[in-house]
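Report on the following structure.
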Amino acid sequence: MNTDEIFVPIAALNNYNYCPRCCWYIYVAGEWIDNEYTIAGTRHHQRVDGGEFSSETEVKQWRAMPLHTHQLGLIGKADLVEEVNGQIYPVEYKVGPSAKWRNDHLQLCAQALALEEMLAVKIPQAYMYYAASHQRIAVEMTPQLRQQTEQTIAAVREMLITGSCPPNPYKPQCRGCSLSEVCLPKETEKARRHL
């Protein structure tokens, strides 16, 4: 297999930063289990994933826009891409309350990087929209965020190529993970202590 042909799904960056083991289960092992959070996210995305174009007032909007970048080897889609006064940027929708999660920012930055290559534009900032709090938050596309995004792309690609399964230490986010019953982080932690 030619490693140059391995395209990393943009959503995998979010999963990997949240938990590399979770990302491995989804993208290498092909495991998926819904829970209340994933179902709520799916239901919330029904409108935004409609794929419509609208041009109300001064804002042009494309929903569920397919994205790719050959330079970084990414594929995926943006929930929403807007153009206002000639400035184009992605908007990532999340079902929960507003928070400054690094994993969400990496996913958003990857969308911006793909749009930059596709449209030959520079995107200085993009937006997160949190449905639970009805907040839209600007996220600066800083050199540091761009660098961390590219490092995460490389880490995910390496995992996809090697198939290596990351460890599963028990962390607070395990409680809300839909794959905790497959991963068994709490049980693995107990077993490690008894060795």
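How things are named: the first chain in the structure tokens is A, the next is B, and so on; residues count from 1 in each chain; ligands count from 1 in the order shown.
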(request) Excluding segment 161-169 of chain A and residues on its chain fewer than 3 positions from it, collect all residues at most 8 Å away from it, counting only C-alpha atoms, and give them as a VMD selection string. (result) chain A and resid 3 6 20 to 21 24 28 157 to 158 183 185 to 186 188 to 189
Okay, now the selection with all heavy atoms, as an mmCIF file, in the first residue's frame?
data_model
loop_
_atom_site.group_PDB
_atom_site.id
_atom_site.type_symbol
_atom_site.label_atom_id
_atom_site.label_comp_id
_atom_site.auth_asym_id
_atom_site.auth_seq_id
_atom_site.Cartn_x
_atom_site.Cartn_y
_atom_site.Cartn_z
ATOM 1 N N THR A 3 1.723 4.732 1.049
ATOM 2 C CA THR A 3 1.299 5.596 2.165
ATOM 3 C C THR A 3 0.869 6.974 1.688
ATOM 4 O O THR A 3 0.116 7.646 2.373
ATOM 5 C CB THR A 3 2.422 5.743 3.209
ATOM 6 O OG1 THR A 3 3.575 6.298 2.579
ATOM 7 C CG2 THR A 3 2.750 4.414 3.832
ATOM 8 N N ILE A 6 -3.000 7.309 1.448
ATOM 9 C CA ILE A 6 -3.849 7.184 2.628
ATOM 10 C C ILE A 6 -4.356 8.561 3.025
ATOM 11 O O ILE A 6 -3.588 9.407 3.470
ATOM 12 C CB ILE A 6 -3.100 6.514 3.789
ATOM 13 C CG1 ILE A 6 -2.776 5.078 3.398
ATOM 14 C CG2 ILE A 6 -3.923 6.572 5.065
ATOM 15 C CD1 ILE A 6 -2.097 4.278 4.452
ATOM 16 N N PRO A 20 -6.945 8.587 21.493
ATOM 17 C CA PRO A 20 -6.382 7.808 20.392
ATOM 18 C C PRO A 20 -6.963 6.398 20.286
ATOM 19 O O PRO A 20 -7.172 5.891 19.188
ATOM 20 C CB PRO A 20 -4.881 7.758 20.714
ATOM 21 C CG PRO A 20 -4.637 9.001 21.509
ATOM 22 C CD PRO A 20 -5.895 9.177 22.338
ATOM 23 N N ARG A 21 -7.271 5.790 21.426
ATOM 24 C CA ARG A 21 -7.827 4.430 21.410
ATOM 25 C C ARG A 21 -9.215 4.425 20.762
ATOM 26 O O ARG A 21 -9.548 3.541 19.982
ATOM 27 C CB ARG A 21 -7.892 3.902 22.847
ATOM 28 C CG ARG A 21 -8.489 2.525 23.011
ATOM 29 C CD ARG A 21 -7.474 1.430 22.770
ATOM 30 N NE ARG A 21 -7.947 0.165 23.304
ATOM 31 C CZ ARG A 21 -7.163 -0.721 23.851
ATOM 32 N NH1 ARG A 21 -5.868 -0.501 23.950
ATOM 33 N NH2 ARG A 21 -7.643 -1.849 24.291
ATOM 34 N N TRP A 24 -8.803 4.642 17.121
ATOM 35 C CA TRP A 24 -8.382 3.350 16.591
ATOM 36 C C TRP A 24 -9.582 2.415 16.412
ATOM 37 O O TRP A 24 -9.722 1.769 15.370
ATOM 38 C CB TRP A 24 -7.344 2.706 17.527
ATOM 39 C CG TRP A 24 -6.859 1.384 17.030
ATOM 40 C CD1 TRP A 24 -5.822 1.162 16.168
ATOM 41 C CD2 TRP A 24 -7.394 0.098 17.342
ATOM 42 N NE1 TRP A 24 -5.684 -0.187 15.930
ATOM 43 C CE2 TRP A 24 -6.637 -0.858 16.645
ATOM 44 C CE3 TRP A 24 -8.436 -0.333 18.152
ATOM 45 C CZ2 TRP A 24 -6.888 -2.217 16.715
ATOM 46 C CZ3 TRP A 24 -8.709 -1.698 18.233
ATOM 47 C CH2 TRP A 24 -7.931 -2.636 17.524
ATOM 48 N N VAL A 28 -9.785 1.961 12.523
ATOM 49 C CA VAL A 28 -8.984 0.779 12.207
ATOM 50 C C VAL A 28 -9.808 -0.488 12.423
ATOM 51 O O VAL A 28 -9.911 -1.325 11.533
ATOM 52 C CB VAL A 28 -7.675 0.742 13.037
ATOM 53 C CG1 VAL A 28 -6.894 -0.540 12.747
ATOM 54 C CG2 VAL A 28 -6.805 1.965 12.736
ATOM 55 N N ARG A 157 -2.455 9.284 10.531
ATOM 56 C CA ARG A 157 -2.019 8.540 9.344
ATOM 57 C C ARG A 157 -1.117 7.377 9.756
ATOM 58 O O ARG A 157 -1.262 6.258 9.256
ATOM 59 C CB ARG A 157 -1.289 9.459 8.362
ATOM 60 C CG ARG A 157 -0.822 8.709 7.107
ATOM 61 C CD ARG A 157 -0.251 9.623 6.034
ATOM 62 N NE ARG A 157 -1.347 10.371 5.426
ATOM 63 C CZ ARG A 157 -1.550 11.666 5.599
ATOM 64 N NH1 ARG A 157 -0.721 12.391 6.333
ATOM 65 N NH2 ARG A 157 -2.565 12.272 5.021
ATOM 66 N N GLU A 158 -0.206 7.631 10.683
ATOM 67 C CA GLU A 158 0.686 6.562 11.168
ATOM 68 C C GLU A 158 -0.131 5.425 11.786
ATOM 69 O O GLU A 158 0.149 4.251 11.551
ATOM 70 C CB GLU A 158 1.673 7.143 12.190
ATOM 71 C CG GLU A 158 2.655 6.136 12.754
ATOM 72 C CD GLU A 158 3.682 5.657 11.732
ATOM 73 O OE1 GLU A 158 3.884 6.304 10.695
ATOM 74 O OE2 GLU A 158 4.292 4.598 11.991
ATOM 75 N N CYS A 183 -13.940 -0.991 24.744
ATOM 76 C CA CYS A 183 -12.578 -0.664 25.163
ATOM 77 C C CYS A 183 -12.266 -1.178 26.576
ATOM 78 O O CYS A 183 -11.154 -1.609 26.851
ATOM 79 C CB CYS A 183 -12.406 0.853 25.094
ATOM 80 S SG CYS A 183 -10.760 1.449 25.489
ATOM 81 N N PRO A 185 -11.856 0.455 29.583
ATOM 82 C CA PRO A 185 -10.713 1.118 30.220
ATOM 83 C C PRO A 185 -10.672 0.932 31.729
ATOM 84 O O PRO A 185 -9.583 0.758 32.298
ATOM 85 C CB PRO A 185 -10.907 2.589 29.855
ATOM 86 C CG PRO A 185 -12.371 2.726 29.617
ATOM 87 C CD PRO A 185 -12.803 1.420 29.022
ATOM 88 N N LYS A 186 -11.827 0.948 32.397
ATOM 89 C CA LYS A 186 -11.854 0.784 33.850
ATOM 90 C C LYS A 186 -11.403 -0.622 34.240
ATOM 91 O O LYS A 186 -10.609 -0.812 35.162
ATOM 92 C CB LYS A 186 -13.280 1.040 34.365
ATOM 93 C CG LYS A 186 -13.339 1.840 35.620
ATOM 94 C CD LYS A 186 -14.783 2.130 35.970
ATOM 95 C CE LYS A 186 -14.823 3.328 36.881
ATOM 96 N NZ LYS A 186 -16.164 3.665 37.303
ATOM 97 N N THR A 188 -9.594 -2.667 32.411
ATOM 98 C CA THR A 188 -8.178 -2.831 32.069
ATOM 99 C C THR A 188 -7.293 -2.199 33.142
ATOM 100 O O THR A 188 -6.261 -2.766 33.520
ATOM 101 C CB THR A 188 -7.880 -2.194 30.693
ATOM 102 O OG1 THR A 188 -8.762 -2.752 29.736
ATOM 103 C CG2 THR A 188 -6.449 -2.443 30.267
ATOM 104 N N GLU A 189 -7.718 -1.042 33.640
ATOM 105 C CA GLU A 189 -6.976 -0.360 34.705
ATOM 106 C C GLU A 189 -6.899 -1.244 35.953
ATOM 107 O O GLU A 189 -5.844 -1.384 36.567
ATOM 108 C CB GLU A 189 -7.676 0.974 35.023
ATOM 109 C CG GLU A 189 -6.884 1.894 35.910
ATOM 110 C CD GLU A 189 -5.783 2.614 35.166
ATOM 111 O OE1 GLU A 189 -5.811 2.725 33.938
ATOM 112 O OE2 GLU A 189 -4.871 3.099 35.858
#
(request) Could you please determine the separation between atom CA of Pro90 of chain A and atom CA of Tyr27 of chain A in Å, to one decimal place? (result) 23.7 Å
(message) Give me, as a ChimeraX atom specification, all polymer residues having an atom no more than 12 Å from segment 110-125 of chain A, counting only C-alpha atoms and skipping those fewer than 6 positions away in the same chain.
(response) /A:8-14,64-83,86-92,103-104,137-143,145-153
(request) Point out the residue among A:Cys174, A:Leu195, A:Ala29, A:Val95 with the least atom-to-atom distance to Gln135 of chain A, counting only C-alpha atoms. (result)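 Result for the nearest residue to Gln135 of chain A: A:Val95.
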(request) Step one, run DSSP on the backbone; step two, keep only residues of segment 22-164 of chain A assigned to strand (DSSP E or B); then write them as an NGL selection string. (result) :A and (53-56 or 59-69 or 74-84 or 87-94 or 125-130 or 135-140)
(request) From a DSSP calculation on the backbone, collect every residue of segment 79-133 of chain A in helix (DSSP H, G or I) and output the set as an NGL selection string. (result) :A and (102-119)
Store the residues picked out above, limited to N, CA, C and O atoms, as a short mmCIF file (atom, residue, chain, number, x, y, z; two decimals), in the first residue's frame.
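Done, and the output landed in again-v7.cif:
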data_model
loop_
_atom_site.label_atom_id
_atom_site.label_comp_id
_atom_site.auth_asym_id
_atom_site.auth_seq_id
_atom_site.Cartn_x
_atom_site.Cartn_y
_atom_site.Cartn_z
N ARG A 102 -9.89 21.34 22.55
CA ARG A 102 -8.83 21.31 21.55
C ARG A 102 -9.20 20.36 20.40
O ARG A 102 -8.91 20.65 19.25
N ASN A 103 -9.86 19.25 20.70
CA ASN A 103 -10.20 18.31 19.63
C ASN A 103 -11.16 18.95 18.61
O ASN A 103 -11.04 18.73 17.41
N ASP A 104 -12.11 19.77 19.08
CA ASP A 104 -13.01 20.48 18.16
C ASP A 104 -12.22 21.47 17.30
O ASP A 104 -12.47 21.61 16.10
N HIS A 105 -11.28 22.16 17.91
CA HIS A 105 -10.49 23.15 17.19
C HIS A 105 -9.61 22.51 16.11
O HIS A 105 -9.42 23.08 15.03
N LEU A 106 -9.08 21.32 16.39
CA LEU A 106 -8.27 20.62 15.40
C LEU A 106 -9.11 20.24 14.19
O LEU A 106 -8.68 20.38 13.04
N GLN A 107 -10.32 19.75 14.44
CA GLN A 107 -11.22 19.40 13.35
C GLN A 107 -11.56 20.62 12.51
O GLN A 107 -11.54 20.59 11.28
N LEU A 108 -11.85 21.72 13.17
CA LEU A 108 -12.18 22.97 12.48
C LEU A 108 -10.99 23.48 11.67
O LEU A 108 -11.13 23.91 10.52
N CYS A 109 -9.81 23.43 12.25
CA CYS A 109 -8.60 23.88 11.56
C CYS A 109 -8.34 23.03 10.32
O CYS A 109 -7.97 23.55 9.26
N ALA A 110 -8.54 21.72 10.43
CA ALA A 110 -8.35 20.84 9.26
C ALA A 110 -9.31 21.22 8.14
O ALA A 110 -8.95 21.21 6.96
N GLN A 111 -10.54 21.59 8.50
CA GLN A 111 -11.50 22.04 7.50
C GLN A 111 -11.00 23.32 6.82
O GLN A 111 -11.07 23.46 5.59
N ALA A 112 -10.48 24.24 7.62
CA ALA A 112 -9.95 25.49 7.08
C ALA A 112 -8.76 25.22 6.16
O ALA A 112 -8.65 25.82 5.07
N LEU A 113 -7.87 24.32 6.55
CA LEU A 113 -6.72 23.99 5.72
C LEU A 113 -7.16 23.40 4.38
O LEU A 113 -6.58 23.72 3.33
N ALA A 114 -8.17 22.55 4.41
CA ALA A 114 -8.67 21.96 3.17
C ALA A 114 -9.29 23.04 2.28
O ALA A 114 -9.02 23.08 1.07
N LEU A 115 -10.09 23.91 2.86
CA LEU A 115 -10.69 25.00 2.08
C LEU A 115 -9.63 25.92 1.49
O LEU A 115 -9.76 26.39 0.35
N GLU A 116 -8.58 26.18 2.26
CA GLU A 116 -7.50 27.03 1.75
C GLU A 116 -6.89 26.45 0.49
O GLU A 116 -6.63 27.17 -0.48
N GLU A 117 -6.64 25.14 0.50
CA GLU A 117 -6.07 24.51 -0.70
C GLU A 117 -7.08 24.45 -1.84
O GLU A 117 -6.76 24.76 -2.99
N MET A 118 -8.31 24.08 -1.53
CA MET A 118 -9.34 23.93 -2.57
C MET A 118 -9.66 25.24 -3.27
O MET A 118 -9.87 25.27 -4.49
N LEU A 119 -9.70 26.33 -2.50
CA LEU A 119 -10.18 27.60 -3.04
C LEU A 119 -9.08 28.66 -3.20
O LEU A 119 -9.35 29.78 -3.61
#
